[in-house]
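A.B. asks: Could you have a look at this structure, given as structure tokens, before my questions?
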Amino acid sequence: MKWTSVTDLREKYLSFFESKGHLRLPSFSLVPEGDKSLLLINAGMAPLKKYFTGEAEPPRHRVTTCQKCMRMLDIDSVGVTARHGTFFEMLGNFSFGDYFKKEAIPWAWEFLTDVLGMPAELLYPSVYEEDDEAFDIWNKTIGVPAERITRLGKADNFWEHGSGPCGPCSEIYFDRGEKYGCGKPDCRPGCDCDRFMEIWNNVFTQFNSDGAGNYTELAKKNIDTGMGLERLACVMQGVDNMFEIDSIRKILDHVVALSGKAYGKEHKFDVSIRVITDHIRGTVFLISDGVSPSNEGRGYVLRRLMRRAIAHGKLLGIDKPFLAELADTVIAENGAGYPELIEKQSFIKKVISVEEERFNSTIDAGLTKLSGIIADVKAKGGAAVSGEDAFRLYDTFGFPLDTTVDGAKDAGLAVDADRFRELMKEQKERARAARGSISGWSAASATALEGIEKTVFTGYGEYESDASVIALITDGEPVSSVTEGECTVVLDRSPFYGEMGGQVGDRGELSAPGCRLTVNDTKIKDGVILHLCSLEEGVLRTGDAVRAKIDGELRDAIKRNHSSCHLLQAALQTVLGDHVKQAGSYVDGERVRFDFSHFSAMTPEEIEKTEALVNGAILSGLPVTTTECSIDEAKKMGAMALFGEKYGDVVRVVSMGDFSAELCGGTHVDNTSRIGLFRIVSESSVAAGVRRIEGVTGYGVLALMKEREDLIKESAAALKVNNPADIPGRAVSLLHELSETRREAEALSAKLAGGKADGLLGSAVPVGAVKLITADLGAEKMDAVRSLGDTLRDKDPKIVAVFAIHSNGKLNFTAVCGADAVAAGAHAGNLLREVSAITGGRGGGRPDSAASGGQDVSKIGEALAAAEGILKGMLK
């Protein structure tokens, strides 16, 4: 058995199954696509579920992958033992109704024994206790002795998850030798010790379960193989655990080099080294797949990994940012299998650096606070850090619960995690309540819609439609007629767009003979368009025929802004990179607001380039077309979708030439030239890793130009120039004049200060070997007083000066001591501490210079008079 690198093992496996007619697919993203049941991909078969269930047709009925996976279940054990990790790679070969056991089992044996050269006598298969077919293949076809084949029960060798497809498993174990064993005479595969390591698991999906213990044979049987790449590498490289295999050991060695702590010498340091080694792997791959640090969902998983790693770095004595440097090693070790890591290297490191800088600004204060909490708990004989304290650490210092748990555990304490989660839930509920209802439609009103058919939306093609009133609602209750006030009107068909997808609802009017309503807003619920109206005149009844007419000018403005939003996203991906994803949007008649994933503020050059790309697309007059198709067809067209969003069988693709294609149900211009022009008004941050651009189009650009033109005119008038082009020159000239005036003023002030200093020196009182000056300088400016003190100190090194200044009830003291005075024992800071205390103030400073505050202005004289006695007590 020859030592084989992780990279070579991955390639050998995939190439082997390609030779067996399998299609090699690249690893799917860690972020599940179209599967809201998973936060992150946690198994090799997870991205392929739709092929197993028959929801979608696979590209081939034989597929092989090496899939990136994340499991957070054992995160508390990561580092504590060398057996646990969060990020791993899963090798897999899959059959969707094609081959079955008689092919899958021999291929597994062939790969392990012939391709990798594992000794056959060290491989021990297991089968489900009732699976005689698999047993016979192992025993009679392959020739494994019956005594080396272990039959295991349902808990170990039968894959089942509620009702649905299920089946028995057959695993292959590698015998690592007696030194890893428990010493029991019956030690064999399935034992809890480390001797027999499971390296291969074939799941034979051959039954359908009704969830009640009844099984029927599937017409089309499947194969789902899982083999952990890291486990396989442990066997092929003859090492004890995943942290010792080549690609991971190099990361661990880098951590050791950064920390200066040896690995394998002290358990607590080993724990931290392993935590960082594991977490930086997951961090790099999550960022590469588009996850940004945040306090929700996948973003919180990433933030958790990073902040836990940073905290353990502190425990190792690493006092500088280090994760971005470690990322280079992760990328170097994995780039061959995942070339996208190399392509996104600078982006990955930038995201890491920004988050690390953010957390480093609070972690030291947080760790100090945590130490104080732990000391307090232990002093009181407590056994756990309270949920309230854990929550405060999270809320104030950004500490994930894990960081608090780790710190408490080291001190022999627990953490009240249940109470922490309660407080987190309460905080989220308060935030939701603070946001209030943004829909304009109460939950109570929803019952009034029961049984109502979806509204036919006519607004893509017309601004006015004839319609019938099918429901009227006031105060949350259905009514048959409305004679005054506010009401919600439901029509059978309508051109009014209900607020959705970031686009605001239309406004306009409904009219019938002798009746008129103003539509103030439009919402949509479960496909029913809700017209929120004010009755202006007449009576409206259910069944009435009405003319529904939207505000055309408003709709046109909304269309311009919405279409520019699509162009903006495409431009941002061109300028900043493919990591840019929509994080939210809002378009109305005034502006477009677009939130997107990006790790730092855009530079002026990036903003200018983005704006130019959008305007280029507008001026090119690109046709805007819409296509209804399946989601798979839309993706083939290159249409962008909101990641993780659940779409129906038919989706609407809005394309703008070859520049942009997005899934969108909103309203748009028919040609980009109708947008007019686009201008970015602002670019700002709305959350960690999320930026916001606000822009205007069409008449909004004209209004912005008028506003700025007026500003230029006002500036020209203020600067007294006739031609606006002369403003920069005039501004430079004024700045130069101002600078010269300031220089002359400073020179005059210095001259006056020198004269004043000479006068004060003449009034100095001898105190031992030094000279003391005290003076109430009234409302003199602090800078002028400091300059005066410096002059006095330069003129006479024996001088000690104490000054009081006050204005509008605010009192301050300053003091200076020359070099000889300091040598004689004078100390400006200590002197002021006692002087200002007389007025109820406090302060201090260096021996040669100090400042302090006071409170009681009436005691200035008393305080200054006391300075001589205080000074005497200081002198040697």
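Residues are referred to by chain and number: the chain letter is A, B, ... according to the order shown in the structure tokens, the number counts from 1 in that chain, and ligands are numbered separately from 1 in the order shown.
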Do a neighbour search on Val701 in chain A at 7 Å with only C-alpha atoms, toss out local chain neighbours closer than 4 positions, and write the hits as a list in words.
C.D. replies: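 Result of the neighbour search: Leu677, Phe678, Arg679, Val696, Thr697 and Met705 of chain A.
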A.B. asks: Can those selected residues be exported to a file as a CSV table (one decimal), in the first residue's frame so that it contains all heavy atoms?
C.D. replies:
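Contents of part_33.csv, as written:
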```csv
chain,number,residue,atom,x,y,z
A,677,LEU,N,-31.3,58.1,-18.4
A,677,LEU,CA,-29.9,58.1,-17.8
A,677,LEU,C,-30.0,57.6,-16.4
A,677,LEU,O,-31.1,57.5,-15.8
A,677,LEU,CB,-29.3,59.5,-17.8
A,677,LEU,CG,-28.7,60.1,-19.1
A,677,LEU,CD1,-28.3,61.6,-18.9
A,677,LEU,CD2,-27.6,59.3,-19.6
A,678,PHE,N,-28.9,57.1,-15.9
A,678,PHE,CA,-28.8,56.6,-14.6
A,678,PHE,C,-27.7,57.3,-13.8
A,678,PHE,O,-26.6,57.5,-14.3
A,678,PHE,CB,-28.5,55.1,-14.6
A,678,PHE,CG,-28.3,54.4,-13.3
A,678,PHE,CD1,-29.3,54.2,-12.4
A,678,PHE,CD2,-26.9,54.1,-12.9
A,678,PHE,CE1,-29.0,53.6,-11.1
A,678,PHE,CE2,-26.7,53.5,-11.7
A,678,PHE,CZ,-27.7,53.3,-10.8
A,679,ARG,N,-28.0,57.6,-12.5
A,679,ARG,CA,-26.9,58.3,-11.7
A,679,ARG,C,-26.9,57.7,-10.3
A,679,ARG,O,-28.0,57.5,-9.7
A,679,ARG,CB,-27.2,59.8,-11.6
A,679,ARG,CG,-26.0,60.6,-11.1
A,679,ARG,CD,-24.9,60.5,-12.1
A,679,ARG,NE,-23.6,60.9,-11.6
A,679,ARG,CZ,-23.1,62.2,-11.5
A,679,ARG,NH1,-23.9,63.1,-12.1
A,679,ARG,NH2,-22.0,62.4,-11.0
A,696,VAL,N,-30.9,57.2,-9.2
A,696,VAL,CA,-32.0,57.8,-9.9
A,696,VAL,C,-31.9,57.6,-11.4
A,696,VAL,O,-30.9,57.4,-11.9
A,696,VAL,CB,-32.2,59.3,-9.5
A,696,VAL,CG1,-32.5,59.5,-8.1
A,696,VAL,CG2,-30.9,60.1,-9.9
A,697,THR,N,-33.1,57.7,-12.0
A,697,THR,CA,-33.2,57.6,-13.5
A,697,THR,C,-34.1,58.6,-14.1
A,697,THR,O,-34.8,59.3,-13.3
A,697,THR,CB,-33.7,56.2,-13.9
A,697,THR,OG1,-35.1,56.1,-13.4
A,697,THR,CG2,-32.9,55.1,-13.3
A,705,MET,N,-29.6,66.9,-11.5
A,705,MET,CA,-28.7,67.9,-12.2
A,705,MET,C,-29.1,69.3,-11.9
A,705,MET,O,-28.3,70.2,-11.7
A,705,MET,CB,-28.8,67.6,-13.7
A,705,MET,CG,-28.2,66.3,-14.2
A,705,MET,SD,-28.6,65.9,-15.9
A,705,MET,CE,-27.8,67.3,-16.8
```
A.B. asks: Skip range 451-453 of chain A itself and residues of its chain fewer than 3 positions away, then list as a ChimeraX atom specification all residues within 12 Å of it, counting only C-alpha atoms.
C.D. replies: /A:446-448,456,469-472,478,490-493,525-530
A.B. asks: Create the file for the chosen residues now, containing C-alpha atoms and written as a CSV table (one decimal), in the first residue's frame.
C.D. replies:
```csv
chain,number,residue,atom,x,y,z
A,446,ALA,CA,-56.6,37.4,5.6
A,447,THR,CA,-59.6,35.3,6.6
A,448,ALA,CA,-61.7,37.6,4.4
A,456,VAL,CA,-55.8,38.1,-13.2
A,469,VAL,CA,-65.7,44.0,-7.8
A,470,ILE,CA,-65.6,40.5,-6.2
A,471,ALA,CA,-64.9,41.5,-2.6
A,472,LEU,CA,-64.9,44.6,-0.4
A,478,PRO,CA,-66.0,41.5,4.3
A,490,VAL,CA,-60.6,43.0,-4.8
A,491,LEU,CA,-61.2,42.8,-8.5
A,492,ASP,CA,-61.4,39.8,-10.8
A,493,ARG,CA,-58.7,41.4,-13.0
A,525,LYS,CA,-51.6,38.1,-0.9
A,526,ASP,CA,-51.6,34.5,-2.2
A,527,GLY,CA,-52.2,35.8,-5.7
A,528,VAL,CA,-55.1,38.1,-4.8
A,529,ILE,CA,-54.4,41.8,-5.6
A,530,LEU,CA,-55.6,44.1,-2.8
```
A.B. asks: Quick one: contact table of range 500-584 of chain A to range 611-619 of chain A, 8 Å max, nearest atom pair and distance in Å to one decimal per residue, counting only C-alpha atoms, chain and number order, as CSV?
C.D. replies:
```
residue,atom,partner,partner_atom,distance
A:Ser564,CA,A:Val614,CA,7.4
A:Leu567,CA,A:Val614,CA,5.7
A:Leu568,CA,A:Val614,CA,6.1
A:Ala571,CA,A:Leu613,CA,5.9
```
A.B. asks: Leaving out Ile773 in chain A and any residue of its chain fewer than 6 positions from it, which residues lie within 9 Å of it when counting only C-alpha atoms, given as a list in words?
C.D. replies: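 In the requested format, the answer is Leu760, Leu761, Ser763, Ala764, Val765, Ile799, Val800, Ala801, Val802 and Phe803 of chain A.
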A.B. asks: Rounded to one decimal place, report the CA of Gly502 in chain A-CA of Gly695 in chain A distance in Å.
C.D. replies: 14.7 Å
A.B. asks: Need to verify the contact set: Arg195 in chain A, 12 Å, only C-alpha atoms, exclusion of same-chain residues closer than 6 positions in sequence. Can you return it as a ChimeraX atom specification?
C.D. replies: /A:122-124,173-184,187-189,235,240
A.B. asks: May I ask for the distance between CA of Arg691 in chain A and CA of Ile280 in chain A, given in Å to one decimal place?
C.D. replies: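 A separation of 24.8 Å between them.
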A.B. asks: For Ser19 in chain A, list every protein, DNA or RNA residue within 12 Å, evaluated using only C-alpha atoms, and leave out those in the same chain fewer than 3 positions away; present the list as a PyMOL selection string.
C.D. replies: chain A and resi 12-16+22-24+62-64+93+107+111
